[in-house]
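Chemist: My questions all concern the structure below.
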Amino acid sequence: MKFVLLLSLLGLIHSSVFAATATRLSCSMRENMVISRFAYSLTTMKWDEHFQVASGVRQNKTQNDVPFRVTRFQNGDDLVFFPGKQTYFMFYSGNPEPDRCVVLSTSTYEITQLPRYEKPDA
């Protein structure tokens with residue numbers, strides 16, 4: 001029991017070191033796209049000179065009971081993720097056809113501590 005508690009605490013310490021995760025995807029219409037997931041269900045998507053933001057993730061299941069997650073971005077694009085197979089699809093706004101994406105890399109962003117602002121004495 002003590003060992004399990006220790007492992008749980010170490011996991012919390014380790015997970016608090018990173019601010020977010022980044023997944024670099026290659027899709028047929030967007031060859032180099034970075035999806036960044038932050039705390040509080042904030043997700044960003046960047047490709048070329050474009051940048052989009054999404055808030056929240058919807059979880060659902062297919063008719064065959066396969067779980068998937070959907071992130072809807074401000075421009076109407078949907079990123080669909082199947083966690084069981086680690087597979088991503090993009091549904092571009094106004095286009096009902098899925099674009100299968102390939103994971104190029106995954107990484108984590110480290111927390112950056114900004115200096116504290118101190119009001120100068122008058």
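By order of appearance in the structure tokens: chains A, B, ..., then residues from 1 within every chain, and ligands from 1 in the order shown.
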Please list as an NGL selection string every residue within 9 Å of Asp48 in chain A, counting only C-alpha atoms and excluding residues in the same chain fewer than 5 positions away.
Modeler: :A and (30 or 32-33)
Chemist: Considering only C-alpha atoms, return as a list in words whatever protein or nucleic-acid residues lie within 8 Å of range 102-111 of chain A, sequence-local ones (same chain, fewer than 5 positions apart) excluded.
Modeler: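 Selected residues are Val17, Phe18, Ala19, Ala20, Thr21, Ala22, Thr23, Arg24, Leu25, Ser26, Cys27, Thr87 and Tyr88 of chain A.
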Chemist: Using all heavy atoms, can you write the selected residues to a file as an mmCIF file, in the first residue's frame?
Modeler:
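This is the output file out_28.cif:
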```cif
data_model
loop_
_atom_site.group_PDB
_atom_site.id
_atom_site.type_symbol
_atom_site.label_atom_id
_atom_site.label_comp_id
_atom_site.auth_asym_id
_atom_site.auth_seq_id
_atom_site.Cartn_x
_atom_site.Cartn_y
_atom_site.Cartn_z
ATOM 1 N N VAL A 17 5.560 18.975 -13.860
ATOM 2 C CA VAL A 17 6.717 19.612 -14.459
ATOM 3 C C VAL A 17 6.411 20.111 -15.865
ATOM 4 O O VAL A 17 7.063 20.982 -16.375
ATOM 5 C CB VAL A 17 7.908 18.628 -14.488
ATOM 6 C CG1 VAL A 17 9.121 19.247 -15.147
ATOM 7 C CG2 VAL A 17 8.240 18.162 -13.089
ATOM 8 N N PHE A 18 5.401 19.576 -16.509
ATOM 9 C CA PHE A 18 5.097 19.917 -17.877
ATOM 10 C C PHE A 18 3.825 20.746 -17.964
ATOM 11 O O PHE A 18 2.850 20.471 -17.295
ATOM 12 C CB PHE A 18 4.959 18.648 -18.718
ATOM 13 C CG PHE A 18 6.217 17.838 -18.726
ATOM 14 C CD1 PHE A 18 6.310 16.679 -17.983
ATOM 15 C CD2 PHE A 18 7.315 18.257 -19.441
ATOM 16 C CE1 PHE A 18 7.469 15.941 -17.972
ATOM 17 C CE2 PHE A 18 8.482 17.523 -19.435
ATOM 18 C CZ PHE A 18 8.563 16.357 -18.699
ATOM 19 N N ALA A 19 3.849 21.733 -18.838
ATOM 20 C CA ALA A 19 2.713 22.633 -18.989
ATOM 21 C C ALA A 19 1.717 22.131 -20.019
ATOM 22 O O ALA A 19 0.547 22.417 -19.923
ATOM 23 C CB ALA A 19 3.205 24.016 -19.381
ATOM 24 N N ALA A 20 2.193 21.383 -21.015
ATOM 25 C CA ALA A 20 1.301 20.957 -22.092
ATOM 26 C C ALA A 20 1.954 19.857 -22.908
ATOM 27 O O ALA A 20 3.146 19.599 -22.779
ATOM 28 C CB ALA A 20 0.982 22.140 -22.991
ATOM 29 N N THR A 21 1.155 19.255 -23.779
ATOM 30 C CA THR A 21 1.691 18.276 -24.718
ATOM 31 C C THR A 21 1.518 18.799 -26.135
ATOM 32 O O THR A 21 0.586 19.557 -26.423
ATOM 33 C CB THR A 21 0.965 16.917 -24.604
ATOM 34 O OG1 THR A 21 -0.421 17.113 -24.883
ATOM 35 C CG2 THR A 21 1.132 16.330 -23.227
ATOM 36 N N ALA A 22 2.424 18.408 -27.005
ATOM 37 C CA ALA A 22 2.371 18.812 -28.408
ATOM 38 C C ALA A 22 2.428 17.570 -29.278
ATOM 39 O O ALA A 22 3.245 16.679 -29.037
ATOM 40 C CB ALA A 22 3.526 19.738 -28.743
ATOM 41 N N THR A 23 1.566 17.523 -30.279
ATOM 42 C CA THR A 23 1.566 16.431 -31.246
ATOM 43 C C THR A 23 1.712 17.049 -32.628
ATOM 44 O O THR A 23 0.907 17.891 -33.032
ATOM 45 C CB THR A 23 0.253 15.622 -31.165
ATOM 46 O OG1 THR A 23 0.085 15.147 -29.834
ATOM 47 C CG2 THR A 23 0.283 14.446 -32.119
ATOM 48 N N ARG A 24 2.747 16.646 -33.340
ATOM 49 C CA ARG A 24 2.976 17.135 -34.703
ATOM 50 C C ARG A 24 2.351 16.123 -35.658
ATOM 51 O O ARG A 24 2.678 14.940 -35.611
ATOM 52 C CB ARG A 24 4.461 17.296 -34.983
ATOM 53 C CG ARG A 24 4.761 17.926 -36.323
ATOM 54 C CD ARG A 24 6.250 18.190 -36.511
ATOM 55 N NE ARG A 24 6.792 19.049 -35.481
ATOM 56 C CZ ARG A 24 6.725 20.382 -35.454
ATOM 57 N NH1 ARG A 24 6.111 21.011 -36.431
ATOM 58 N NH2 ARG A 24 7.250 21.078 -34.473
ATOM 59 N N LEU A 25 1.423 16.612 -36.488
ATOM 60 C CA LEU A 25 0.684 15.758 -37.418
ATOM 61 C C LEU A 25 0.977 16.148 -38.859
ATOM 62 O O LEU A 25 1.256 17.308 -39.156
ATOM 63 C CB LEU A 25 -0.819 15.894 -37.189
ATOM 64 C CG LEU A 25 -1.365 15.528 -35.817
ATOM 65 C CD1 LEU A 25 -2.853 15.864 -35.740
ATOM 66 C CD2 LEU A 25 -1.132 14.057 -35.517
ATOM 67 N N SER A 26 0.857 15.153 -39.735
ATOM 68 C CA SER A 26 0.910 15.402 -41.171
ATOM 69 C C SER A 26 -0.380 14.870 -41.770
ATOM 70 O O SER A 26 -0.676 13.680 -41.671
ATOM 71 C CB SER A 26 2.115 14.709 -41.805
ATOM 72 O OG SER A 26 2.112 14.950 -43.197
ATOM 73 N N CYS A 27 -1.163 15.772 -42.343
ATOM 74 C CA CYS A 27 -2.410 15.416 -43.008
ATOM 75 C C CYS A 27 -2.223 15.774 -44.483
ATOM 76 O O CYS A 27 -1.340 16.547 -44.834
ATOM 77 C CB CYS A 27 -3.578 16.188 -42.418
ATOM 78 S SG CYS A 27 -3.683 16.117 -40.612
ATOM 79 N N THR A 87 -5.046 7.228 -33.449
ATOM 80 C CA THR A 87 -5.291 7.684 -34.809
ATOM 81 C C THR A 87 -6.012 9.023 -34.804
ATOM 82 O O THR A 87 -6.930 9.230 -34.014
ATOM 83 C CB THR A 87 -6.160 6.641 -35.557
ATOM 84 O OG1 THR A 87 -5.533 5.370 -35.457
ATOM 85 C CG2 THR A 87 -6.316 7.010 -37.008
ATOM 86 N N TYR A 88 -5.580 9.922 -35.697
ATOM 87 C CA TYR A 88 -6.178 11.245 -35.834
ATOM 88 C C TYR A 88 -6.789 11.413 -37.219
ATOM 89 O O TYR A 88 -6.230 10.952 -38.220
ATOM 90 C CB TYR A 88 -5.113 12.334 -35.672
ATOM 91 C CG TYR A 88 -4.590 12.491 -34.274
ATOM 92 C CD1 TYR A 88 -3.508 11.731 -33.828
ATOM 93 C CD2 TYR A 88 -5.136 13.424 -33.408
ATOM 94 C CE1 TYR A 88 -3.004 11.889 -32.548
ATOM 95 C CE2 TYR A 88 -4.641 13.590 -32.138
ATOM 96 C CZ TYR A 88 -3.582 12.821 -31.709
ATOM 97 O OH TYR A 88 -3.086 12.972 -30.448
#
```
Chemist: Among chain A, which residues does DSSP mark as strand (DSSP E or B) when it is run on the backbone? Keep the chain and numbering as in the structure and answer as a PyMOL selection string.
Modeler: chain A and resi 18-26+33-38+42-47+50-55+58-61+67-72+78-82+87-91+99-110
Chemist: Using only C-alpha atoms, which of the listed residues (A:Pro120, A:Pro115, A:Pro98, A:Gly84) sits closest to Ser28 in chain A?
Modeler: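 For Ser28 in chain A, the nearest of the candidates is A:Pro98.
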Chemist: Give me, please, the distance in Å between CA of Gln59 in chain A and CA of Arg72 in chain A, quoted to one decimal.
Modeler: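 Those two atoms sit 11.7 Å apart.
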Chemist: Taking 4 positions as the minimum chain separation for residues in the same chain, which residues sit within 12 Å of Lys85 in chain A when counting only C-alpha atoms? Answer as a PyMOL selection string.
Modeler: chain A and resi 66-68+81+89+102-103
Chemist: If we count only C-alpha atoms, what is near range 37-46 of chain A at a cut-off of 6 Å, once residues fewer than 6 positions away on the same chain are taken out, given as number ranges by chain?
Modeler: A: 20-21, 52-56
Chemist: Please run DSSP on the backbone and report, as a list in words, all residues within range 12-120 of chain A that come out as alpha helix (DSSP H).
Modeler: Leu12, Ile13, His14 and Ser15 of chain A
